[in-house]
Structure formats: structure tokens, C-alpha cells
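Dropping coords_8.tsv in here (TSV, C-alpha atoms):
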```tsv
chain	number	residue	atom	x	y	z
A	15	MET	CA	11.55	-12.83	20.03
A	16	LEU	CA	12.34	-14.51	16.71
A	17	ASN	CA	8.66	-14.18	15.87
A	18	GLN	CA	8.81	-10.39	16.42
A	19	GLY	CA	12.11	-10.16	14.52
A	20	PHE	CA	10.64	-11.82	11.44
A	21	MET	CA	7.56	-9.60	11.63
A	22	MET	CA	9.59	-6.38	11.93
A	23	SER	CA	11.89	-7.38	9.04
A	24	HIS	CA	8.85	-8.14	6.88
A	25	VAL	CA	7.47	-4.65	7.55
A	26	LEU	CA	10.91	-3.01	7.18
A	27	PHE	CA	11.61	-4.53	3.75
A	28	GLY	CA	8.05	-3.77	2.64
A	29	VAL	CA	8.35	-0.10	3.63
A	30	LEU	CA	11.76	0.17	1.94
A	31	GLY	CA	10.24	-1.36	-1.21
A	32	ILE	CA	7.44	1.24	-1.17
A	33	LEU	CA	9.92	4.09	-0.60
A	34	CYS	CA	12.08	2.89	-3.51
A	35	ALA	CA	8.93	2.70	-5.68
A	36	VAL	CA	8.14	6.35	-4.76
A	37	ALA	CA	11.72	7.38	-5.62
A	38	LEU	CA	11.49	5.45	-8.90
A	39	PHE	CA	8.16	7.11	-9.72
A	40	MET	CA	9.75	10.56	-9.31
A	41	ASP	CA	12.83	9.57	-11.31
A	42	VAL	CA	10.74	8.18	-14.17
A	43	LEU	CA	8.69	11.39	-14.25
A	44	ASN	CA	11.98	13.17	-15.00
A	45	ALA	CA	13.54	10.34	-17.00
A	46	GLY	CA	16.59	11.16	-19.08
A	47	GLU	CA	20.04	9.86	-19.89
A	48	LYS	CA	21.45	11.25	-16.64
A	49	ASN	CA	19.19	9.27	-14.29
A	50	TYR	CA	18.64	6.13	-16.39
A	51	GLN	CA	21.22	4.13	-14.41
A	52	ARG	CA	19.52	5.12	-11.15
A	53	ILE	CA	16.12	4.19	-12.59
A	54	LYS	CA	17.44	0.72	-13.44
A	55	MET	CA	18.97	0.30	-9.97
A	56	LEU	CA	15.77	1.45	-8.24
A	57	SER	CA	13.61	-0.93	-10.27
A	58	LEU	CA	15.83	-3.83	-9.22
A	59	ALA	CA	15.80	-2.61	-5.60
A	60	VAL	CA	11.98	-2.54	-5.57
A	61	ALA	CA	11.82	-6.09	-6.94
A	62	VAL	CA	14.41	-7.46	-4.50
A	63	LEU	CA	12.89	-5.71	-1.46
A	64	ILE	CA	9.36	-6.89	-2.26
A	65	VAL	CA	10.53	-10.46	-2.83
A	66	ILE	CA	12.46	-10.45	0.49
A	67	SER	CA	9.44	-8.98	2.29
A	68	PHE	CA	7.24	-11.65	0.69
A	69	LEU	CA	9.55	-14.50	1.70
A	70	ILE	CA	9.95	-13.32	5.31
A	71	GLY	CA	6.24	-12.47	5.65
A	72	GLY	CA	5.28	-15.80	4.09
A	73	TYR	CA	7.54	-17.74	6.44
A	74	TRP	CA	6.16	-15.84	9.44
A	75	TYR	CA	2.57	-16.35	8.28
A	76	VAL	CA	2.96	-20.10	7.83
A	77	THR	CA	5.06	-20.65	10.97
A	78	TYR	CA	3.84	-18.22	13.62
A	79	TYR	CA	0.57	-16.65	12.57
A	80	GLY	CA	-1.73	-19.56	13.59
A	81	ALA	CA	-1.57	-18.71	17.31
A	82	GLU	CA	-2.16	-14.99	16.70
A	83	ARG	CA	-5.06	-15.78	14.36
A	84	ASP	CA	-6.79	-17.68	17.15
A	85	ILE	CA	-6.33	-14.71	19.51
A	86	ILE	CA	-7.75	-12.29	16.93
A	87	LYS	CA	-10.74	-14.51	16.14
A	88	ALA	CA	-11.57	-14.92	19.85
A	89	GLY	CA	-11.37	-11.15	20.44
A	90	ALA	CA	-13.58	-8.18	19.64
A	91	TRP	CA	-12.05	-7.63	16.17
A	92	PRO	CA	-12.37	-11.01	14.41
A	93	TRP	CA	-12.67	-9.15	11.10
A	94	ALA	CA	-9.04	-8.07	11.51
A	95	HIS	CA	-8.24	-11.62	10.42
A	96	ASN	CA	-11.40	-12.61	8.53
A	97	PHE	CA	-11.24	-9.59	6.24
A	98	PHE	CA	-7.94	-7.72	6.47
A	99	MET	CA	-5.52	-10.66	6.76
A	100	GLU	CA	-7.35	-12.71	4.15
A	101	VAL	CA	-7.41	-9.81	1.68
A	102	LYS	CA	-3.81	-8.81	2.49
A	103	GLU	CA	-2.32	-12.26	2.01
A	104	HIS	CA	-3.93	-12.64	-1.41
A	105	ILE	CA	-3.45	-9.12	-2.76
A	106	PHE	CA	0.22	-9.46	-1.85
A	107	PHE	CA	0.59	-11.84	-4.82
A	108	ALA	CA	-0.46	-9.03	-7.20
A	109	MET	CA	2.11	-6.70	-5.63
A	110	LEU	CA	4.79	-9.40	-5.82
A	111	LEU	CA	4.15	-10.04	-9.52
A	112	LEU	CA	4.11	-6.29	-10.28
A	113	GLY	CA	7.41	-5.96	-8.41
A	114	ILE	CA	9.01	-8.77	-10.43
A	115	TYR	CA	7.71	-7.30	-13.71
A	116	LEU	CA	8.97	-3.78	-12.86
A	117	PRO	CA	12.65	-4.33	-13.85
A	118	ILE	CA	11.52	-5.95	-17.11
A	119	ALA	CA	9.36	-2.87	-17.78
A	120	VAL	CA	12.36	-0.59	-17.11
A	121	TYR	CA	15.10	-2.55	-18.89
A	122	LYS	CA	13.08	-3.62	-21.96
A	123	ASN	CA	10.88	-0.57	-22.38
A	124	THR	CA	13.24	2.02	-23.82
A	125	PRO	CA	13.42	4.93	-24.30
A	126	LEU	CA	11.71	6.02	-21.09
A	127	THR	CA	11.50	9.53	-22.48
A	128	ASN	CA	8.71	8.19	-24.72
A	129	LYS	CA	5.38	9.07	-23.08
A	130	LYS	CA	3.76	5.64	-23.57
A	131	ASN	CA	6.80	3.77	-22.21
A	132	LYS	CA	7.06	6.17	-19.30
A	133	ASN	CA	3.36	5.77	-18.43
A	134	LEU	CA	3.64	1.98	-18.23
A	135	VAL	CA	6.44	2.19	-15.64
A	136	LEU	CA	4.65	4.99	-13.75
A	137	ALA	CA	1.44	2.94	-13.60
A	138	ILE	CA	3.27	-0.12	-12.23
A	139	CYS	CA	5.02	2.05	-9.61
A	140	ALA	CA	1.73	3.70	-8.63
A	141	MET	CA	0.02	0.32	-8.19
A	142	ILE	CA	2.92	-0.99	-6.08
A	143	ILE	CA	2.77	2.14	-3.89
A	144	LEU	CA	-1.02	1.97	-3.44
A	145	LEU	CA	-1.09	-1.78	-2.76
A	146	GLY	CA	1.92	-1.38	-0.45
A	147	LEU	CA	0.18	1.33	1.57
A	148	PHE	CA	-2.86	-0.91	1.89
A	149	MET	CA	-0.55	-3.73	3.12
A	150	GLU	CA	0.90	-1.43	5.78
A	151	GLY	CA	-2.54	-0.26	6.93
A	152	ALA	CA	-3.94	-3.78	6.99
A	153	GLY	CA	-0.87	-4.97	8.92
A	154	GLY	CA	-1.51	-2.28	11.54
A	155	ILE	CA	-5.15	-3.36	11.90
A	156	ILE	CA	-4.14	-7.03	12.24
A	157	SER	CA	-1.62	-6.15	15.02
A	158	LYS	CA	-4.29	-4.12	16.78
A	159	GLY	CA	-6.62	-7.12	16.43
A	160	VAL	CA	-4.10	-9.20	18.40
A	161	THR	CA	-3.78	-6.51	21.11
A	162	ILE	CA	-7.55	-6.25	21.46
A	163	GLY	CA	-7.85	-10.04	21.50
A	164	LEU	CA	-5.32	-10.29	24.33
A	165	ARG	CA	-7.30	-7.79	26.39
A	166	GLY	CA	-10.19	-10.23	26.21
B	14	MET	CA	18.65	3.65	-59.06
B	15	LYS	CA	18.28	-0.08	-58.33
B	16	LYS	CA	20.23	0.33	-55.08
B	17	THR	CA	17.93	3.16	-53.96
B	18	ASN	CA	14.85	0.99	-54.62
B	19	ILE	CA	16.29	-1.91	-52.59
B	20	LYS	CA	17.05	0.47	-49.72
B	21	LYS	CA	13.51	1.89	-49.90
B	22	ASN	CA	11.99	-1.63	-49.83
B	23	LYS	CA	14.15	-2.55	-46.83
B	24	ASN	CA	12.98	0.55	-44.99
B	25	ILE	CA	9.34	-0.26	-45.72
B	26	GLN	CA	9.84	-3.88	-44.54
B	27	THR	CA	11.46	-2.67	-41.31
B	28	ALA	CA	8.59	-0.25	-40.73
B	29	VAL	CA	6.04	-3.04	-41.26
B	30	ILE	CA	7.85	-5.34	-38.80
B	31	LYS	CA	8.09	-2.55	-36.22
B	32	ASN	CA	4.39	-1.81	-36.57
B	33	LYS	CA	3.45	-5.45	-36.06
B	34	THR	CA	4.56	-5.27	-32.43
B	35	ASN	CA	6.03	-2.15	-30.90
B	36	MET	CA	7.19	-3.92	-27.78
B	37	ASP	CA	10.16	-5.99	-26.74
B	38	LYS	CA	9.21	-9.69	-26.73
B	39	TYR	CA	9.97	-10.13	-23.00
B	40	LEU	CA	8.12	-6.95	-22.06
B	41	LEU	CA	5.11	-8.19	-24.02
B	42	GLY	CA	5.37	-11.85	-22.96
B	43	PHE	CA	5.77	-11.26	-19.24
B	44	GLY	CA	3.26	-8.38	-19.34
B	45	LEU	CA	0.61	-10.70	-20.75
B	46	SER	CA	1.64	-13.34	-18.24
B	47	LEU	CA	1.22	-10.78	-15.45
B	48	VAL	CA	-2.32	-9.99	-16.65
B	49	VAL	CA	-3.31	-13.68	-16.77
B	50	THR	CA	-1.64	-14.52	-13.44
B	51	ASN	CA	-3.31	-11.59	-11.67
B	52	LEU	CA	-6.73	-12.82	-12.76
B	53	LEU	CA	-5.81	-16.41	-11.96
B	54	ASN	CA	-4.91	-15.32	-8.42
B	55	ALA	CA	-8.49	-14.20	-7.77
B	56	VAL	CA	-9.95	-17.29	-9.45
B	57	ILE	CA	-7.82	-19.68	-7.37
B	58	LEU	CA	-8.80	-17.83	-4.21
B	59	VAL	CA	-12.53	-18.16	-4.90
B	60	VAL	CA	-12.25	-21.82	-5.96
B	61	LYS	CA	-10.20	-22.91	-2.93
B	62	GLU	CA	-12.42	-21.02	-0.46
B	63	VAL	CA	-15.61	-22.43	-1.97
B	64	SER	CA	-14.41	-25.99	-2.52
B	65	SER	CA	-13.09	-27.96	0.48
B	66	PRO	CA	-11.49	-30.73	-1.67
B	67	VAL	CA	-9.45	-28.10	-3.56
B	68	MET	CA	-8.45	-26.46	-0.28
B	69	ASN	CA	-7.41	-29.83	1.15
B	70	VAL	CA	-5.34	-30.67	-1.93
B	71	MET	CA	-3.60	-27.29	-1.70
B	72	LYS	CA	-2.92	-27.81	2.01
B	73	ALA	CA	-1.55	-31.29	1.36
B	74	ALA	CA	0.64	-30.25	-1.58
B	75	LEU	CA	3.07	-27.89	0.21
B	76	GLY	CA	1.85	-27.94	3.81
B	77	HIS	CA	-0.17	-24.71	3.62
B	78	HIS	CA	-2.77	-23.58	1.07
B	79	TRP	CA	-1.20	-20.12	0.83
B	80	THR	CA	2.26	-21.54	0.05
B	81	THR	CA	0.81	-23.75	-2.70
B	82	HIS	CA	-1.16	-20.78	-4.03
B	83	GLY	CA	1.94	-18.56	-4.20
B	84	VAL	CA	4.29	-21.16	-5.67
B	85	PHE	CA	1.71	-22.11	-8.30
B	86	LEU	CA	1.20	-18.46	-9.31
B	87	LEU	CA	4.94	-17.82	-9.59
B	88	PHE	CA	5.33	-21.00	-11.64
B	89	VAL	CA	2.51	-19.99	-14.00
B	90	PHE	CA	3.91	-16.45	-14.28
B	91	VAL	CA	7.35	-17.70	-15.36
B	92	ILE	CA	6.07	-20.42	-17.70
B	93	LEU	CA	3.49	-18.19	-19.41
B	94	GLY	CA	6.04	-15.37	-19.61
B	95	VAL	CA	8.50	-17.61	-21.45
B	96	VAL	CA	5.79	-19.10	-23.69
B	97	PHE	CA	4.34	-15.69	-24.63
B	98	SER	CA	7.85	-14.32	-25.22
B	99	ILE	CA	8.91	-17.16	-27.50
B	100	ASN	CA	5.67	-17.36	-29.48
B	101	GLU	CA	4.81	-14.24	-31.37
B	102	VAL	CA	1.51	-12.84	-30.23
B	103	GLY	CA	0.05	-11.62	-33.50
B	104	GLU	CA	-1.71	-8.49	-32.33
B	105	LYS	CA	-0.43	-4.96	-32.35
B	106	TRP	CA	0.75	-4.10	-28.88
B	107	ASP	CA	2.35	-1.03	-27.37
B	108	SER	CA	3.20	0.09	-23.85
B	109	LEU	CA	-0.03	2.05	-23.47
B	110	LYS	CA	-2.23	-0.93	-24.31
B	111	MET	CA	-0.19	-3.12	-21.95
B	112	MET	CA	-0.60	-0.51	-19.21
B	113	TYR	CA	-4.39	-0.58	-19.56
B	114	TYR	CA	-4.45	-4.40	-19.47
B	115	ILE	CA	-2.23	-4.56	-16.37
B	116	ILE	CA	-4.22	-1.89	-14.52
B	117	GLY	CA	-7.46	-3.65	-15.51
B	118	SER	CA	-6.25	-7.03	-14.30
B	119	VAL	CA	-5.07	-5.61	-10.96
B	120	ILE	CA	-8.36	-3.76	-10.39
B	121	ILE	CA	-10.49	-6.81	-11.29
B	122	SER	CA	-8.36	-9.08	-9.09
B	123	VAL	CA	-8.44	-6.68	-6.11
B	124	VAL	CA	-12.20	-6.15	-6.44
B	125	ILE	CA	-12.93	-9.90	-6.60
B	126	ILE	CA	-10.74	-10.61	-3.55
B	127	THR	CA	-12.16	-7.69	-1.54
B	128	VAL	CA	-15.80	-8.39	-2.42
B	129	PHE	CA	-15.34	-12.08	-1.62
B	130	PHE	CA	-14.27	-11.32	1.96
B	131	LEU	CA	-16.54	-8.27	2.44
B	132	PRO	CA	-19.34	-10.22	4.20
B	133	TYR	CA	-16.87	-11.04	7.02
B	134	LEU	CA	-16.21	-7.32	7.55
B	135	ILE	CA	-19.90	-6.42	7.53
B	136	ALA	CA	-20.75	-9.32	9.87
```
Represent the structure of the file as C-alpha cells.
Amino acid sequence: MLNQGFMMSHVLFGVLGILCAVALFMDVLNAGEKNYQRIKMLSLAVAVLIVISFLIGGYWYVTYYGAERDIIKAGAWPWAHNFFMEVKEHIFFAMLLLGIYLPIAVYKNTPLTNKKNKNLVLAICAMIILLGLFMEGAGGIISKGVTIGLRG
Amino acid sequence: MKKTNIKKNKNIQTAVIKNKTNMDKYLLGFGLSLVVTNLLNAVILVVKEVSSPVMNVMKAALGHHWTTHGVFLLFVFVILGVVFSINEVGEKWDSLKMMYYIIGSVIISVVIITVFFLPYLIA
């Protein structure tokens, strides 16, 4: 049960991080004095949510994943671990670092009404969203790999 | 007259300093650190997967190779970020150039990681 709880929280915080990155992307597109406070808050929220998702996911991976990995590798979808989990666990570092850099890019990159400054923040948000969506998809495939492995 | 000249010189000096680097030192320092760390991520992955002694050392260090990998990357990111922020990087930088470097580093890193594990998917 604890195993499932950790896994669901990891996904939940990851999805919230992606949603905040989407909201931030839209806010930065329309950046101005009125929404600058919200932009700053959202950038911090993205960083915090991704870090929490990383810590929970990392703990789950190190503590619980071993048994599920063996099930996946013995099943019909061994590539769910051999490709998707391996790629996911390493690309997550890029997403984590982008998430940590995002508030720096927002707080120290003023004014955001400047096109170059705006584009830097937009690019970071876009990469977080794309990598995040890949994480979600890969996570789904890995879970399916376990289900298929259990069927034998 | 003299006062006007001094003011003009000050303005020129300020413009020169601003042109030297258009970015905040932390934005530049941690941006460069992000670029280096992203590439380092892919390099560490390839090295540890290819070399068993490296993999064993990483497993022994913090109990799991992935934990060691992550902690090391975060450590390098912070240290390089501080070092690059403190030391002036002499080139002209702006947000656009930083954006291209960051996008480039992420793409290269993702491609290396994906291509490295691709044979397992095809098999």
C-alpha cells in the first residue's frame, strides 16, 4: 500500500508540475506588470513540485522498484524497463535541473516584456512540459509492463 | 562644459559595461552550469553503463548508482553555478544565446541517452 502511495504521489506532483509549467508558459506569453507576481510564484511552484516528484520517485525507485523490474524483465515487455525506465530515470535529471533553473530565469531575467528574456523562459517551460509528458507516457508503459509481466 | 563631458564619459562607460555581458551574473552562471551538467549527465550514463568498475564505485558510494549519479549532478550544478557566477565569463552573452545553448544541451543529452538504450527497444 505504501508502495502504491509513493508511486501515486510521484505521478501527482509530476503532473501538477507540468500543469504549472503550462500555466507559466501562458502567463509569460502575456507577461506584464500585472501578472509578474504570478509568474514568479508559478516558477517557484514548478521547481518545488518537480523536486518533490523527483525525491518521492527516487525513493520509490531505489526502495521498491527492484521487485517490479524483475517482473517486467520476465514478462513479454522487457523493453518497458530496458528502454523506457532506463531513459526515464536519466532524462529526469535534465528536467530536474531545468526546473531548478526556472526561478532563476524568471527572477534574474527582467524585464520579461523583452522578447529575448521572454523566449528564454518560454523555452525552459516548453522543455519541462515536453520532457514531463514523456515521463508520464513512459511511466504508463512501465506500469503496463508490470501488468503484462504478472499475467505471465 | 566640463561637467557635461564627465557625464558623457560616464554614460559611455556604463554602456560599455552593459554590452560586455547583458545578463545577470547568476542567470549566466547557473545557465552555463545547466548546459555543462546536462551534457555531463549523458556522459556519466554512458561511462557507468560501459564500465563495470565505475558502476560498482557508484553503487558503493551511496547504495545505488542512480542516487550517486543524481547527487553528483546536483553537486556539480551548484558548484559550477557559483563558480561561473563569481568569475566573470568574458564573452558577450544574452538571453537568446543562453536559450540556444540550453536547448542544444538538452537535445544532445536526450539524444545520447535515447540512442544508448535504443538497441534494447529494437531487440
With all atoms of stretch 65-73 of chain A from the file as input, state the centre and edge lengths in Å to one decimal of the axis-aligned box that has 8 Å extra on each side, as AutoDock Vina command-line options.
```
--center_x 8.9 --center_y -13.4 --center_z 1.8 --size_x 23.2 --size_y 24.8 --size_z 25.3
```
| Within 6 Å of chain B: residues of chain A, using all atoms listed in the file, as a ChimeraX atom specification | /A:93,96-97,108,122,130-131,134
| What is the distance between atom CA of A:Leu144 and atom CA of A:Leu63, in Å to one decimal? | 16.0 Å
| field | Nearest residue to A:Met55 from the set A:Val101, A:Val120, A:Leu145, A:Val135 (distances using all atoms listed in the file) | value |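 Answer, going by the shortest atom-to-atom distance: A:Val120.
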| Selection near stretch 59-61 of chain A, 6 Å with all atoms listed in the file, sequence-local residues under 5 positions removed, as a PyMOL selection string | chain A and resi 31+34+113-114
Based on the selection just made, write C-alpha atoms of those residues as an mmCIF file, in the frame of the given file.
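What ended up in out.cif:
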```cif
data_model
loop_
_atom_site.group_PDB
_atom_site.id
_atom_site.type_symbol
_atom_site.label_atom_id
_atom_site.label_comp_id
_atom_site.auth_asym_id
_atom_site.auth_seq_id
_atom_site.Cartn_x
_atom_site.Cartn_y
_atom_site.Cartn_z
ATOM 1 C CA GLY A 31 10.240 -1.360 -1.210
ATOM 2 C CA CYS A 34 12.080 2.890 -3.510
ATOM 3 C CA GLY A 113 7.410 -5.960 -8.410
ATOM 4 C CA ILE A 114 9.010 -8.770 -10.430
#
```
| request: Could you tell me which of A:Gly153, A:Val65, A:Ala137, A:Asn128 comes closest to A:Phe39 if we count only C-alpha atoms? | output: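 Of all the options, A:Ala137 lies closest to A:Phe39.
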| query | Rounded to one decimal in Å, what is the spacing between atom CA of B:Val89 and atom CA of A:Leu112? | reply |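 Pair atom CA of B:Val89 / atom CA of A:Leu112 returns 14.3 Å.
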| said: What's around A:Ser157 at 12 Å? Count all atoms listed in the file, leave out sequence neighbours fewer than 6 positions away in its own chain, and write the answer as a PyMOL selection string. | reply: chain A and resi 18+21-22+25+79+82-83+85-86+91-92+94-95+98-99+150-151+163-164
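When atom CA of A:Leu56 is paired with atom CA of B:Phe97, their separation reads 26.3 Å.
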| query | Contacts of A:Val42 at 7 Å or less, counting all atoms listed in the file, minus same-chain residues fewer than 4 places along, as JSON, numbers by chain? | reply | {"A": [38, 53, 132, 136]}
| query | Taking only C-alpha atoms into account, which of A:Thr127, A:Asn133, A:His24, A:Ala140 comes nearest A:Tyr75? | reply |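 Once distances to A:Tyr75 are computed over only C-alpha atoms, the minimum belongs to A:His24.
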| task | Select, from A:Phe68, A:Tyr73, A:Phe20, A:Phe106, the residue with the minimum atom-to-atom distance to A:Leu147, counting only C-alpha atoms. | result | A:Phe106
Would you mind putting N, CA and C atoms back on stretch 25-44 of chain A and writing the result as an mmCIF file, in the frame of the given file?
```cif
data_model
loop_
_atom_site.group_PDB
_atom_site.id
_atom_site.type_symbol
_atom_site.label_atom_id
_atom_site.label_comp_id
_atom_site.auth_asym_id
_atom_site.auth_seq_id
_atom_site.Cartn_x
_atom_site.Cartn_y
_atom_site.Cartn_z
ATOM 1 N N VAL A 25 7.988 -6.019 7.689
ATOM 2 C CA VAL A 25 7.470 -4.650 7.550
ATOM 3 C C VAL A 25 8.578 -3.724 7.016
ATOM 4 N N LEU A 26 9.786 -3.875 7.576
ATOM 5 C CA LEU A 26 10.910 -3.010 7.180
ATOM 6 C C LEU A 26 11.188 -3.125 5.670
ATOM 7 N N PHE A 27 11.323 -4.360 5.181
ATOM 8 C CA PHE A 27 11.610 -4.530 3.750
ATOM 9 C C PHE A 27 10.438 -4.049 2.886
ATOM 10 N N GLY A 28 9.221 -4.243 3.379
ATOM 11 C CA GLY A 28 8.050 -3.770 2.640
ATOM 12 C C GLY A 28 8.043 -2.251 2.520
ATOM 13 N N VAL A 29 8.328 -1.569 3.636
ATOM 14 C CA VAL A 29 8.350 -0.100 3.630
ATOM 15 C C VAL A 29 9.478 0.404 2.718
ATOM 16 N N LEU A 30 10.650 -0.235 2.805
ATOM 17 C CA LEU A 30 11.760 0.170 1.940
ATOM 18 C C LEU A 30 11.392 -0.016 0.460
ATOM 19 N N GLY A 31 10.691 -1.103 0.165
ATOM 20 C CA GLY A 31 10.240 -1.360 -1.210
ATOM 21 C C GLY A 31 9.309 -0.249 -1.685
ATOM 22 N N ILE A 32 8.379 0.168 -0.809
ATOM 23 C CA ILE A 32 7.440 1.240 -1.170
ATOM 24 C C ILE A 32 8.210 2.552 -1.389
ATOM 25 N N LEU A 33 9.153 2.849 -0.478
ATOM 26 C CA LEU A 33 9.920 4.090 -0.600
ATOM 27 C C LEU A 33 10.731 4.110 -1.912
ATOM 28 N N CYS A 34 11.320 2.971 -2.259
ATOM 29 C CA CYS A 34 12.080 2.890 -3.510
ATOM 30 C C CYS A 34 11.132 3.074 -4.714
ATOM 31 N N ALA A 35 9.907 2.537 -4.594
ATOM 32 C CA ALA A 35 8.930 2.700 -5.680
ATOM 33 C C ALA A 35 8.541 4.173 -5.832
ATOM 34 N N VAL A 36 8.441 4.904 -4.699
ATOM 35 C CA VAL A 36 8.140 6.350 -4.760
ATOM 36 C C VAL A 36 9.303 7.090 -5.431
ATOM 37 N N ALA A 37 10.539 6.735 -5.025
ATOM 38 C CA ALA A 37 11.720 7.380 -5.620
ATOM 39 C C ALA A 37 11.783 7.086 -7.124
ATOM 40 N N LEU A 38 11.475 5.840 -7.477
ATOM 41 C CA LEU A 38 11.490 5.450 -8.900
ATOM 42 C C LEU A 38 10.430 6.223 -9.680
ATOM 43 N N PHE A 39 9.255 6.373 -9.084
ATOM 44 C CA PHE A 39 8.160 7.110 -9.720
ATOM 45 C C PHE A 39 8.635 8.540 -10.069
ATOM 46 N N MET A 40 9.272 9.186 -9.093
ATOM 47 C CA MET A 40 9.750 10.560 -9.310
ATOM 48 C C MET A 40 10.844 10.603 -10.370
ATOM 49 N N ASP A 41 11.743 9.607 -10.334
ATOM 50 C CA ASP A 41 12.830 9.570 -11.310
ATOM 51 C C ASP A 41 12.290 9.344 -12.728
ATOM 52 N N VAL A 42 11.290 8.470 -12.843
ATOM 53 C CA VAL A 42 10.740 8.180 -14.170
ATOM 54 C C VAL A 42 9.988 9.391 -14.718
ATOM 55 N N LEU A 43 9.365 10.147 -13.816
ATOM 56 C CA LEU A 43 8.690 11.390 -14.250
ATOM 57 C C LEU A 43 9.686 12.321 -14.945
ATOM 58 N N ASN A 44 10.921 12.301 -14.436
ATOM 59 C CA ASN A 44 11.980 13.170 -15.000
ATOM 60 C C ASN A 44 13.039 12.335 -15.718
#
```
